[in-house]
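This is input-v5.txt. It holds compact mmCIF, C-alpha atoms.
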```txt
# COMPACT_ATOMS: atom_id res chain seq x y z
CA MET A 241 -1.05 7.47 23.53
CA HIS A 242 -4.82 7.25 23.73
CA ALA A 243 -4.78 7.32 27.56
CA SER A 244 -2.50 10.35 27.60
CA ARG A 245 -4.76 12.25 25.20
CA GLN A 246 -7.85 11.29 27.24
CA ALA A 247 -6.24 12.51 30.48
CA SER A 248 -5.28 15.85 28.90
CA GLY A 249 -8.74 16.33 27.38
CA ALA A 250 -7.38 16.29 23.83
CA GLY A 251 -9.64 13.41 22.84
CA ARG A 252 -8.84 10.32 20.83
CA ALA A 253 -6.04 10.56 18.27
CA HIS A 254 -6.51 9.41 14.69
CA THR A 255 -3.83 6.73 14.24
CA SER A 256 -2.58 5.59 10.84
CA LEU A 257 0.05 2.92 10.20
CA LEU A 258 1.96 3.33 6.91
CA GLY A 259 4.14 0.59 5.48
CA HIS A 260 6.36 0.50 2.40
CA SER A 261 7.86 -2.62 0.83
CA TYR A 262 8.46 -5.36 3.43
CA GLY A 263 7.42 -2.82 6.07
CA SER A 264 3.89 -3.06 4.64
CA THR A 265 3.91 -6.83 5.19
CA THR A 266 5.07 -6.30 8.76
CA ALA A 267 2.46 -3.55 9.27
CA GLY A 268 -0.24 -5.91 8.01
CA LYS A 269 0.83 -8.58 10.50
CA VAL A 270 0.78 -5.98 13.29
CA ALA A 271 -2.71 -4.78 12.28
CA LYS A 272 -3.89 -8.36 12.74
CA MET A 273 -2.34 -8.73 16.21
CA ILE A 274 -3.33 -5.45 17.89
CA ARG A 275 -6.53 -4.82 19.81
CA LYS A 276 -9.45 -3.41 17.81
CA GLY A 277 -9.77 0.35 18.18
CA VAL A 278 -6.04 1.06 18.52
CA LEU A 279 -5.48 1.68 14.83
CA ASP A 280 -7.74 3.63 12.47
CA ASP A 281 -6.00 3.15 9.12
CA LEU A 282 -3.48 0.83 7.50
CA VAL A 283 -1.78 2.04 4.31
CA MET A 284 0.45 -0.31 2.30
CA TYR A 285 2.46 0.72 -0.75
CA GLY A 286 4.99 -1.15 -2.88
CA SER A 287 3.95 -4.20 -0.91
CA PRO A 288 5.22 -7.74 -1.50
CA GLY A 289 2.30 -9.03 0.62
CA SER A 290 -0.43 -7.89 3.00
CA GLY A 291 0.57 -9.97 6.03
CA VAL A 292 -2.85 -11.69 6.01
CA LYS A 293 -4.93 -13.90 3.75
CA ASP A 294 -8.14 -11.84 4.12
CA ALA A 295 -8.61 -8.12 4.86
CA ARG A 296 -11.17 -9.00 7.56
CA GLU A 297 -8.26 -10.30 9.68
CA TYR A 298 -7.10 -6.73 10.34
CA ASN A 299 -8.36 -5.24 13.60
CA LEU A 300 -9.63 -2.14 11.80
CA ASP A 301 -13.03 -0.72 11.12
CA ARG A 302 -14.42 -1.86 7.77
CA GLY A 303 -12.91 -0.01 4.83
CA ARG A 304 -9.87 1.35 6.67
CA ALA A 305 -7.17 -0.66 4.86
CA TYR A 306 -5.61 0.99 1.80
CA VAL A 307 -3.08 0.05 -0.86
CA SER A 308 -1.11 1.89 -3.52
CA GLY A 309 0.89 0.10 -6.18
CA VAL A 310 2.31 1.36 -9.44
CA ASN A 311 1.50 -0.44 -12.71
CA THR A 312 5.11 -0.84 -13.85
CA ASN A 313 8.71 -0.99 -12.64
CA ASP A 314 8.05 -2.21 -9.09
CA ALA A 315 9.11 -5.85 -9.06
CA VAL A 316 8.74 -6.01 -5.24
CA GLN A 317 5.00 -5.38 -5.41
CA GLY A 318 3.12 -8.66 -4.92
CA MET A 319 6.27 -10.81 -5.10
CA GLY A 320 6.00 -12.52 -1.69
CA PRO A 321 4.68 -16.04 -1.23
CA ASP A 322 1.07 -15.98 0.01
CA GLY A 323 1.88 -18.46 2.80
CA THR A 324 4.33 -16.21 4.63
CA PHE A 325 3.83 -12.69 3.22
CA GLY A 326 0.04 -12.84 2.94
CA LYS A 327 -1.94 -12.13 -0.22
CA ASP A 328 -0.96 -9.32 -2.55
CA PRO A 329 -3.00 -6.37 -1.21
CA MET A 330 -3.49 -5.10 -4.77
CA LYS A 331 -5.62 -8.20 -5.40
CA MET A 332 -7.50 -8.45 -2.09
CA LYS A 333 -11.17 -7.64 -1.60
CA GLY A 334 -11.92 -5.20 1.20
CA ILE A 335 -8.87 -2.98 0.64
CA LYS A 336 -9.40 0.45 -0.90
CA HIS A 337 -7.10 1.39 -3.77
CA LEU A 338 -5.26 4.69 -3.67
CA ALA A 339 -3.85 6.49 -6.70
CA ASN A 340 -1.15 4.51 -8.51
CA ASN A 341 0.76 7.33 -10.28
CA PRO A 342 -0.45 6.66 -13.83
CA ASP A 343 1.40 9.73 -15.13
CA ASN A 344 4.65 7.79 -14.80
CA ASP A 345 3.36 4.89 -16.91
CA SER A 346 3.79 4.72 -20.64
CA ILE A 347 3.83 1.82 -23.05
CA ILE A 348 3.95 -1.29 -20.92
CA LYS A 349 6.25 -4.09 -22.00
CA VAL A 350 6.68 -7.50 -20.44
CA TYR A 351 10.15 -8.89 -19.85
CA VAL A 352 10.79 -12.55 -19.02
CA SER A 353 14.28 -13.28 -17.68
CA ASN A 354 16.25 -16.45 -18.45
CA SER A 355 15.13 -17.80 -15.07
CA GLY A 356 11.47 -17.28 -16.01
CA VAL A 357 10.79 -14.24 -13.82
CA THR A 358 8.24 -11.94 -15.46
CA SER A 359 8.31 -8.21 -14.83
CA ARG A 360 6.41 -5.31 -16.33
CA TYR A 361 8.20 -2.10 -17.15
CA ALA A 362 7.44 1.14 -18.88
CA VAL A 363 9.46 2.12 -21.90
CA LYS A 364 9.39 5.71 -20.60
CA GLY A 365 12.56 6.23 -18.58
CA THR A 366 14.06 2.86 -17.76
CA THR A 367 13.67 -0.90 -18.00
CA ASP A 368 14.92 -1.33 -14.40
CA PRO A 369 12.22 -3.52 -12.77
CA PHE A 370 12.76 -1.75 -9.42
CA ALA A 371 13.00 1.87 -10.68
CA ARG A 372 9.62 2.96 -9.31
CA HIS A 373 9.65 1.02 -6.03
CA SER A 374 10.43 4.12 -3.98
CA GLU A 375 8.35 6.75 -5.79
CA TYR A 376 5.21 6.48 -3.64
CA LEU A 377 6.16 9.35 -1.32
CA GLU A 378 7.84 11.55 -3.91
CA GLU A 379 6.66 15.14 -4.05
CA GLY A 380 3.96 15.69 -6.67
CA THR A 381 2.85 12.06 -6.96
CA GLU A 382 -0.79 11.11 -6.68
CA SER A 383 0.12 8.31 -4.29
CA LEU A 384 1.64 10.80 -1.82
CA GLU A 385 -1.45 12.99 -2.13
CA ASP A 386 -3.80 10.06 -1.40
CA ILE A 387 -1.67 8.72 1.48
CA SER A 388 -1.69 12.22 2.99
CA ARG A 389 -5.46 12.31 2.62
CA VAL A 390 -5.83 9.06 4.59
CA VAL A 391 -3.65 10.35 7.44
CA THR A 392 -5.51 13.68 7.62
CA LYS A 393 -8.99 12.08 7.30
CA VAL A 394 -9.77 13.72 3.95
CA PRO A 395 -11.57 11.58 1.31
CA VAL A 396 -9.10 9.92 -1.06
CA LYS A 397 -9.21 10.41 -4.80
CA GLY A 398 -8.50 6.75 -5.47
CA GLU A 399 -7.12 4.70 -8.27
CA LYS A 400 -7.03 6.30 -11.70
```

Go ahead and express the file in the form of structure tokens.
Amino acid sequence: MHASRQASGAGRAHTSLLGHSYGSTTAGKVAKMIRKGVLDDLVMYGSPGSGVKDAREYNLDRGRAYVSGVNTNDAVQGMGPDGTFGKDPMKMKGIKHLANNPDNDSIIKVYVSNSGVTSRYAVKGTTDPFARHSEYLEEGTESLEDISRVVTKVPVKGEK
């Protein structure tokens, strides 16, 4: 892609890799394996893991890895084992936080299942621990706005 744009005189393309759910883990692993300069931005949302143990493993310029994760009702977020899925990107240094759709949060409750699994859910709407896992790209959400800003090289608003 870069060679084609160079040959046509269009200049270098701004390249962003977006990953949702397990796709964000895969995207993180890819960002570690590619040659530096190929990818400008990595955006992970609803991520079970970052694909790496440290954000410096990504072949990106400093500060070009982003994460968005809602506060409630996304049981997938951060659930992967660190050894195979990488660290939870919501808890990693060196990754910029995008908006996390706080308007959809309400009173947060903690539910512990009989098997000991803990999940956080908002009383507003539903107690389904996966209900918000796919809201990141929904029209009108702050996460979609911030992800769009990354792709179009506009400063992000960030976590609220």

For atom CA of A:Asp314 and atom CA of A:Ile387, quote the distance in Å rounded to one decimal.
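These atoms are spaced 18.0 Å apart.
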
In terms of the shortest atom-to-atom distance over only C-alpha atoms, which of A:Met319, A:Ile274, A:Met330, A:Val394 is closest to A:Phe370?
A:Met319

I'd like the interatomic distance between atom CA of A:Lys336 and atom CA of A:Leu300, to a tenth of an Å.
13.0 Å

Just how far from atom CA of A:Gly291 is atom CA of A:Gly263, in Å to one decimal?
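We find that atom CA of A:Gly263 and atom CA of A:Gly291 lie 9.9 Å from each other.
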
Give me the residues within 10 Å of A:Arg304 as a list of chain:residue names, counting all atoms listed in the file and dropping any in the same chain fewer than 5 places off.
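My list of contacting residues is A:Ser256, A:Leu279, A:Asp280, A:Asp281, A:Leu282, A:Val283, A:Ala295, A:Tyr298, A:Asn299, A:Gly334, A:Ile335, A:Lys336, A:Val390.
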
Ranking A:Gly251, A:Gly320, A:Gly277, A:Gly286 by minimum distance to A:Leu377 and counting all atoms listed in the file, which one comes first?
A:Gly286

Step by step: start from the point (-0.1, 9.7, -1.3) in the file's coordinates, keep every protein, DNA or RNA residue that has an atom no farther than 12 Å from it, count all atoms listed in the file, and write the set as a short mmCIF file (atom, residue, chain, number, x, y, z; two decimals) with C-alpha atoms, in the frame of the given file.
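Saved file selection_0.cif follows:
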```cif
data_model
loop_
_atom_site.label_atom_id
_atom_site.label_comp_id
_atom_site.auth_asym_id
_atom_site.auth_seq_id
_atom_site.Cartn_x
_atom_site.Cartn_y
_atom_site.Cartn_z
CA LEU A 258 1.96 3.33 6.91
CA HIS A 260 6.36 0.50 2.40
CA VAL A 283 -1.78 2.04 4.31
CA MET A 284 0.45 -0.31 2.30
CA TYR A 285 2.46 0.72 -0.75
CA TYR A 306 -5.61 0.99 1.80
CA VAL A 307 -3.08 0.05 -0.86
CA SER A 308 -1.11 1.89 -3.52
CA GLY A 309 0.89 0.10 -6.18
CA VAL A 310 2.31 1.36 -9.44
CA HIS A 337 -7.10 1.39 -3.77
CA LEU A 338 -5.26 4.69 -3.67
CA ALA A 339 -3.85 6.49 -6.70
CA ASN A 340 -1.15 4.51 -8.51
CA ASN A 341 0.76 7.33 -10.28
CA GLU A 375 8.35 6.75 -5.79
CA TYR A 376 5.21 6.48 -3.64
CA LEU A 377 6.16 9.35 -1.32
CA GLU A 378 7.84 11.55 -3.91
CA GLU A 379 6.66 15.14 -4.05
CA GLY A 380 3.96 15.69 -6.67
CA THR A 381 2.85 12.06 -6.96
CA GLU A 382 -0.79 11.11 -6.68
CA SER A 383 0.12 8.31 -4.29
CA LEU A 384 1.64 10.80 -1.82
CA GLU A 385 -1.45 12.99 -2.13
CA ASP A 386 -3.80 10.06 -1.40
CA ILE A 387 -1.67 8.72 1.48
CA SER A 388 -1.69 12.22 2.99
CA ARG A 389 -5.46 12.31 2.62
CA VAL A 390 -5.83 9.06 4.59
CA VAL A 391 -3.65 10.35 7.44
CA THR A 392 -5.51 13.68 7.62
CA VAL A 394 -9.77 13.72 3.95
CA PRO A 395 -11.57 11.58 1.31
CA VAL A 396 -9.10 9.92 -1.06
CA LYS A 397 -9.21 10.41 -4.80
CA GLY A 398 -8.50 6.75 -5.47
CA GLU A 399 -7.12 4.70 -8.27
#
```
